[in-house]
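J.: Got a structure for you, written out below as structure tokens; questions coming shortly.
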Amino acid sequence: MRTWTNKSPGDLSIELPAVSAGNVEIAIDRACRAFDPWRKTPLEQRGAALKRAQALIARDQRELAQGIATEIGKPLKESLGEVAAAIAKIDLAIADANRYLADDTAADNVHPNLVRRRARGVAVVIGPFNFPIHLAHGAITAYLLAGNTVIFKPSPLGANVCAHYGRLMREAMGDNIFQIVQGGAEQGQQLVSHPAVRSVCFTGSVAAGRAIARATVDDLGKDVALELGGKNAAIVCADADLDAAAAAVAEAMCLTAGQRCNSTSRVIVDRSIESDFLDRLRAKLRDYVPGDPLLESTRLGPVVSQSAKDRYLAVIGSPGDWLVPGSSPQTVAGKHGHYVLPAVLRVSGDVLQSSVFAEEIFAPVLAVTACASDQQMIDLTNGTPYGLTASVFTADRERFLRLADELEVGNVYQNLPTTFSPSTLPFGSLKSSGNRHPGGRGFVRFASDEQVLQMKP
Ligand code: NAD
């Protein structure tokens, strides 16, 4: 991938400026040279540089959000939320750095001692398209505060808006402490496998995560944090507030057109209330009509690309009991784009054999199945290799806690959408959905190494 041009998924007549792939060797050489002075810069000054970045991002907030909406197709309201989260993240990251990077000592050790944190070196952050700025930015801020120099390789699908973010970060941080290398899998592989790179934070698909794990496995001193895909279930118990559950499922299915790692893509519902719940879900889904992502009123934008739309069309074209059939309008408000409607498939029998029930699709497509016991709900939720998020809709807190204890996922919600992932808490995954919890609070610990000093008087 050398040069490419993105078209706006909400209006294919809009062509964004062409982007060229960056030079990995040059970027790594610069990052290596900038590392030593940066790691020796006091934490307070590193924090001050990030506060400058925060002010610049806040200044350009609306333009950045419009950039996300244009290039990715994420509705403007959500895009504004993404940029606001990136701005807020800087204060949370500074608070984390002050907490976790502080020196410690063990009073009960035989010798005087010091436990302190060291920067790792050059860090590479590879981001996905669906949160082109915010997800990478969480790792970037933690790495920088811990004293690492950072190279960010954004998704090629969000190259222009990430270039804007990159200009602001570079202006605030100073030369070579933060850099952007544009490109695709090729540049990603070159970056992660380079021996000078000491830490990698990757957010994206399981397939790419595996390729990165394979490329780095022989370098035992290189840390690799992975945030990967999900097949997130909403469990709806018989005692749930069905209206609220249906609203939360519809929202978590349609935000970012179902292209969030934590989107709800499965519902496991108690058989006794199944048809009541499905009636309410159908009603809620009527609120999600495709619209121009650049309008603040739009709740359902397009999917990101022709290949994402083709994947959606192949799924909704497969045989099965489609309760809501889905479709892809050619135009919305007179604009040609990759627009799609929500689709709901009812599955029964050996449901884990259904690819719609078991595999990540990354579009507003939901598989629903009915169950007769809590144990069945647990088994089906745990029956895929993914382990990102799950929601349990029940009025009973004890039941929620019991179920949460059995569910093999990193984040469990009671009566909240599976997409409810604020930056104020840790966020991460189990099983094939990832490791290390790089997504939320506390990532700064991963961005640094512990060094233990003992001093005999
Ligand atoms: P993707 O894996 O196609 O691409 C992600 C990034 O990896 C891009 O920058 C891409 O250029 C790069 N890349 C692709 N193949 C690579 C390789 N072999 N080596 C190195 N880099 C490579 O993912 P996407 O389509 O951009 O994003 C969607 C996926 O990301 C979904 O699976 C979604 O669930 C996941 N995701 C996970 C989280 C999370 O927090 N767990 C958050 C957002 C997205």
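Just so we're on the same page: first chain in the structure tokens is A, next is B, and so on; residues restart at 1 for each chain, and ligands are numbered from 1 in the order they show up.
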Taking only C-alpha atoms and all ligand atoms into account, report as a PyMOL selection string which residues have an atom no farther than 8 Å from an atom of ligand 1.

T.: chain A and resi 126-131+135+153-157+183-192+202-212+226-230+259-262+360+362+388+427-429+433-434+439

J.: For Ala139 in chain A, list every protein, DNA or RNA residue within 8 Å, evaluated using only C-alpha atoms, and leave out those in the same chain fewer than 4 positions away; present the list as a PyMOL selection string.

T.: chain A and resi 125+135+143+201+438-439+443

J.: Which residue out of A:Ala146, A:Arg30, A:Phe152, A:Asn113 has the minimum interatomic distance to Asp175 in chain A when only C-alpha atoms are used?

T.: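 Going through A:Ala146, A:Arg30, A:Phe152, A:Asn113 one by one, the smallest distance to Asp175 in chain A is for A:Arg30.
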
J.: As a ChimeraX atom specification, please: every residue in range 263-440 of chain A that DSSP puts in strand (DSSP E).

T.: /A:264-270,321-324,331-332,335-336,343-346,365-371,389-393,411-414

J.: Fewer than 6 positions away in the same chain doesn't count, so skip those; otherwise give me all residues within 7 Å of Leu16 in chain A, counting only C-alpha atoms, as a list in words.

T.: Thr5, Asn6 and Lys7 of chain A

J.: Next, dump the selected residues to file, keeping only N, CA and C atoms, as a PDB file, in the first residue's frame.

T.:
ATOM      1  N   THR A   5      -6.645   6.759  -1.752  1.00  0.00           N
ATOM      2  CA  THR A   5      -7.588   7.865  -1.606  1.00  0.00           C
ATOM      3  C   THR A   5      -8.865   7.323  -0.969  1.00  0.00           C
ATOM      4  N   ASN A   6      -9.289   7.907   0.119  1.00  0.00           N
ATOM      5  CA  ASN A   6     -10.545   7.480   0.750  1.00  0.00           C
ATOM      6  C   ASN A   6     -11.708   8.296   0.212  1.00  0.00           C
ATOM      7  N   LYS A   7     -12.848   7.600   0.079  1.00  0.00           N
ATOM      8  CA  LYS A   7     -14.086   8.304  -0.266  1.00  0.00           C
ATOM      9  C   LYS A   7     -14.976   8.300   0.968  1.00  0.00           C
TER      10      LYS A   7
END

J.: Need to verify the contact set: Gln330 in chain A, 12 Å, only C-alpha atoms, exclusion of same-chain residues closer than 4 positions in sequence. Can you return it as an MDAnalysis selection string?

T.: chainID A and resid 10:12 290 302 309 334:341

J.: Can you write out as JSON lines which residues of range 92-188 of chain A fall within 12 Å of range 448-454 of chain A, alongside each residue's closest atom pair and its distance in Å to one decimal, counting only C-alpha atoms and ordering rows by chain and ascending residue number?

T.:
{"residue": "A:Ala97", "atom": "CA", "partner": "A:Ser448", "partner_atom": "CA", "distance": 10.2}
{"residue": "A:Tyr100", "atom": "CA", "partner": "A:Ser448", "partner_atom": "CA", "distance": 9.7}
{"residue": "A:Leu101", "atom": "CA", "partner": "A:Ser448", "partner_atom": "CA", "distance": 8.2}
{"residue": "A:Ala102", "atom": "CA", "partner": "A:Glu450", "partner_atom": "CA", "distance": 10.9}
{"residue": "A:Asp103", "atom": "CA", "partner": "A:Glu450", "partner_atom": "CA", "distance": 9.8}
{"residue": "A:Asp104", "atom": "CA", "partner": "A:Val452", "partner_atom": "CA", "distance": 9.5}
{"residue": "A:Thr105", "atom": "CA", "partner": "A:Val452", "partner_atom": "CA", "distance": 9.1}
{"residue": "A:Ala106", "atom": "CA", "partner": "A:Gln454", "partner_atom": "CA", "distance": 10.2}
{"residue": "A:Ala107", "atom": "CA", "partner": "A:Gln454", "partner_atom": "CA", "distance": 11.8}
{"residue": "A:Asn109", "atom": "CA", "partner": "A:Gln454", "partner_atom": "CA", "distance": 9.0}
{"residue": "A:Val110", "atom": "CA", "partner": "A:Gln454", "partner_atom": "CA", "distance": 9.1}
{"residue": "A:His111", "atom": "CA", "partner": "A:Gln454", "partner_atom": "CA", "distance": 6.0}
{"residue": "A:Pro112", "atom": "CA", "partner": "A:Gln454", "partner_atom": "CA", "distance": 5.9}
{"residue": "A:Asn113", "atom": "CA", "partner": "A:Gln454", "partner_atom": "CA", "distance": 4.3}
{"residue": "A:Leu114", "atom": "CA", "partner": "A:Leu453", "partner_atom": "CA", "distance": 5.0}
{"residue": "A:Val115", "atom": "CA", "partner": "A:Val452", "partner_atom": "CA", "distance": 4.6}
{"residue": "A:Arg116", "atom": "CA", "partner": "A:Gln451", "partner_atom": "CA", "distance": 5.3}
{"residue": "A:Arg117", "atom": "CA", "partner": "A:Glu450", "partner_atom": "CA", "distance": 4.5}
{"residue": "A:Arg118", "atom": "CA", "partner": "A:Asp449", "partner_atom": "CA", "distance": 5.1}
{"residue": "A:Ala119", "atom": "CA", "partner": "A:Ser448", "partner_atom": "CA", "distance": 4.7}
{"residue": "A:Arg120", "atom": "CA", "partner": "A:Ser448", "partner_atom": "CA", "distance": 5.5}
{"residue": "A:Gly121", "atom": "CA", "partner": "A:Ser448", "partner_atom": "CA", "distance": 8.9}
{"residue": "A:Val122", "atom": "CA", "partner": "A:Ser448", "partner_atom": "CA", "distance": 11.2}
{"residue": "A:Ala123", "atom": "CA", "partner": "A:Ser448", "partner_atom": "CA", "distance": 10.4}
{"residue": "A:Ala139", "atom": "CA", "partner": "A:Ser448", "partner_atom": "CA", "distance": 11.9}
{"residue": "A:Ala142", "atom": "CA", "partner": "A:Ser448", "partner_atom": "CA", "distance": 9.1}
{"residue": "A:Tyr143", "atom": "CA", "partner": "A:Ser448", "partner_atom": "CA", "distance": 7.7}
{"residue": "A:Leu144", "atom": "CA", "partner": "A:Ser448", "partner_atom": "CA", "distance": 10.1}
{"residue": "A:Leu145", "atom": "CA", "partner": "A:Ser448", "partner_atom": "CA", "distance": 9.6}
{"residue": "A:Ala146", "atom": "CA", "partner": "A:Ser448", "partner_atom": "CA", "distance": 6.0}
{"residue": "A:Gly147", "atom": "CA", "partner": "A:Ser448", "partner_atom": "CA", "distance": 8.1}
{"residue": "A:Asn148", "atom": "CA", "partner": "A:Ser448", "partner_atom": "CA", "distance": 8.1}
{"residue": "A:Thr149", "atom": "CA", "partner": "A:Ser448", "partner_atom": "CA", "distance": 11.7}

J.: Please list as a list in words every residue within 10 Å of Gly174 in chain A, counting only C-alpha atoms and excluding residues in the same chain fewer than 4 positions away.

T.: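 Selected residues are Ala34, Ala49, Met169, Arg170, Phe178 and Gln179 of chain A.
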
J.: Using only C-alpha atoms for the distances, tell me which of A:Thr331, A:Thr256, A:Ser8, A:Thr419 is nearest to Asn232 in chain A.

T.: A:Thr419

J.: Using only C-alpha atoms, find the one residue out of A:Pro342, A:Gly317, A:Gly258, A:Pro9 that sits nearest to Thr418 in chain A.

T.: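 Going through A:Pro342, A:Gly317, A:Gly258, A:Pro9 one by one, the smallest distance to Thr418 in chain A is for A:Gly258.
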
J.: Closest to Leu345 in chain A among A:Ser305, A:Gln61, A:Gln376, A:Val267, using only C-alpha atoms?

T.: A:Val267

J.: Would you pick out the contacts of range 194-196 of chain A at 10 Å or less, using only C-alpha atoms, so that residues sharing its chain but fewer than 6 positions from it are not included, and give the list as an NGL selection string?

T.: :A and (24-25 or 28-29 or 31-32 or 121-123 or 215-216 or 219 or 221-222)

J.: For the residues in the current selection, export N, CA, C and O atoms as a CSV table (one decimal), in the first residue's frame.

T.:
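Saved to selection38.csv:
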chain,number,residue,atom,x,y,z
A,24,VAL,N,9.0,3.6,7.5
A,24,VAL,CA,9.1,3.0,8.9
A,24,VAL,C,10.5,3.2,9.5
A,24,VAL,O,10.7,3.6,10.6
A,25,GLU,N,11.6,3.0,8.6
A,25,GLU,CA,13.0,3.1,9.1
A,25,GLU,C,13.3,4.5,9.6
A,25,GLU,O,13.9,4.6,10.7
A,28,ILE,N,11.5,5.2,12.9
A,28,ILE,CA,12.1,4.5,14.1
A,28,ILE,C,13.4,5.1,14.5
A,28,ILE,O,13.7,5.3,15.7
A,29,ASP,N,14.2,5.4,13.5
A,29,ASP,CA,15.5,6.1,13.8
A,29,ASP,C,15.2,7.4,14.6
A,29,ASP,O,15.9,7.6,15.6
A,31,ALA,N,12.6,8.2,16.4
A,31,ALA,CA,12.0,7.9,17.7
A,31,ALA,C,13.1,7.4,18.7
A,31,ALA,O,13.1,7.7,19.9
A,32,CYS,N,14.1,6.6,18.2
A,32,CYS,CA,15.2,6.1,19.0
A,32,CYS,C,16.0,7.3,19.6
A,32,CYS,O,16.4,7.3,20.7
A,121,GLY,N,10.9,2.4,25.8
A,121,GLY,CA,11.6,2.8,24.6
A,121,GLY,C,10.7,3.3,23.6
A,121,GLY,O,9.8,4.1,23.8
A,122,VAL,N,10.9,2.8,22.3
A,122,VAL,CA,10.0,3.2,21.3
A,122,VAL,C,8.8,2.3,21.3
A,122,VAL,O,8.8,1.1,21.3
A,123,ALA,N,7.6,2.9,21.3
A,123,ALA,CA,6.3,2.2,21.4
A,123,ALA,C,5.6,2.5,20.1
A,123,ALA,O,5.6,3.6,19.5
A,215,ALA,N,4.5,-12.3,14.6
A,215,ALA,CA,5.7,-11.5,14.2
A,215,ALA,C,6.6,-11.1,15.3
A,215,ALA,O,7.7,-10.7,15.1
A,216,THR,N,6.0,-11.1,16.6
A,216,THR,CA,6.8,-10.6,17.7
A,216,THR,C,7.2,-11.7,18.7
A,216,THR,O,7.9,-11.4,19.7
A,219,ASP,N,10.8,-12.2,20.1
A,219,ASP,CA,11.5,-11.1,20.9
A,219,ASP,C,10.8,-11.0,22.3
A,219,ASP,O,9.8,-10.4,22.5
A,221,GLY,N,11.5,-9.7,25.0
A,221,GLY,CA,11.5,-8.4,25.8
A,221,GLY,C,10.5,-7.4,25.2
A,221,GLY,O,10.3,-6.3,25.8
A,222,LYS,N,9.8,-7.8,24.1
A,222,LYS,CA,8.9,-6.8,23.5
A,222,LYS,C,7.5,-7.1,24.1
A,222,LYS,O,7.0,-8.3,24.0

J.: Identify, on the basis of only C-alpha atoms, every residue whose closest approach to range 78-87 of chain A does not exceed 6 Å; exclude the query and any residue fewer than 4 positions from it along the same chain; express the result as a list in words.

T.: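 Answer for this query is Gln54, Ala65 and His134 of chain A.
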
J.: With distances taken over only C-alpha atoms, which residue among A:Val161, A:Val332, A:Val150, A:Leu352 lies nearest Arg33 in chain A?

T.: A:Val150

J.: Which of these residues is nearest to Val124 in chain A, using only C-alpha atoms: A:Ala447, A:Val19, A:Tyr386, A:Gly166?

T.: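 The closest residue to Val124 in chain A is A:Ala447.
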
J.: From a DSSP calculation on the backbone, collect every residue of range 211-373 of chain A in helix (DSSP H, G or I) and output the set as a ChimeraX atom specification.

T.: /A:211-216,242-258,271-285,306-316,351-353,355-358

J.: What is the distance, in Å and to one decimal place, between CA of Ala247 in chain A and CA of Ala69 in chain A?

T.: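 Going from CA of Ala247 in chain A over to CA of Ala69 in chain A covers 23.9 Å.
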
J.: Grab the CA of Asp287 in chain A to CA of Ile68 in chain A distance for me, in Å with one decimal place.

T.: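 Value for the CA of Asp287 in chain A-CA of Ile68 in chain A distance: 22.8 Å.
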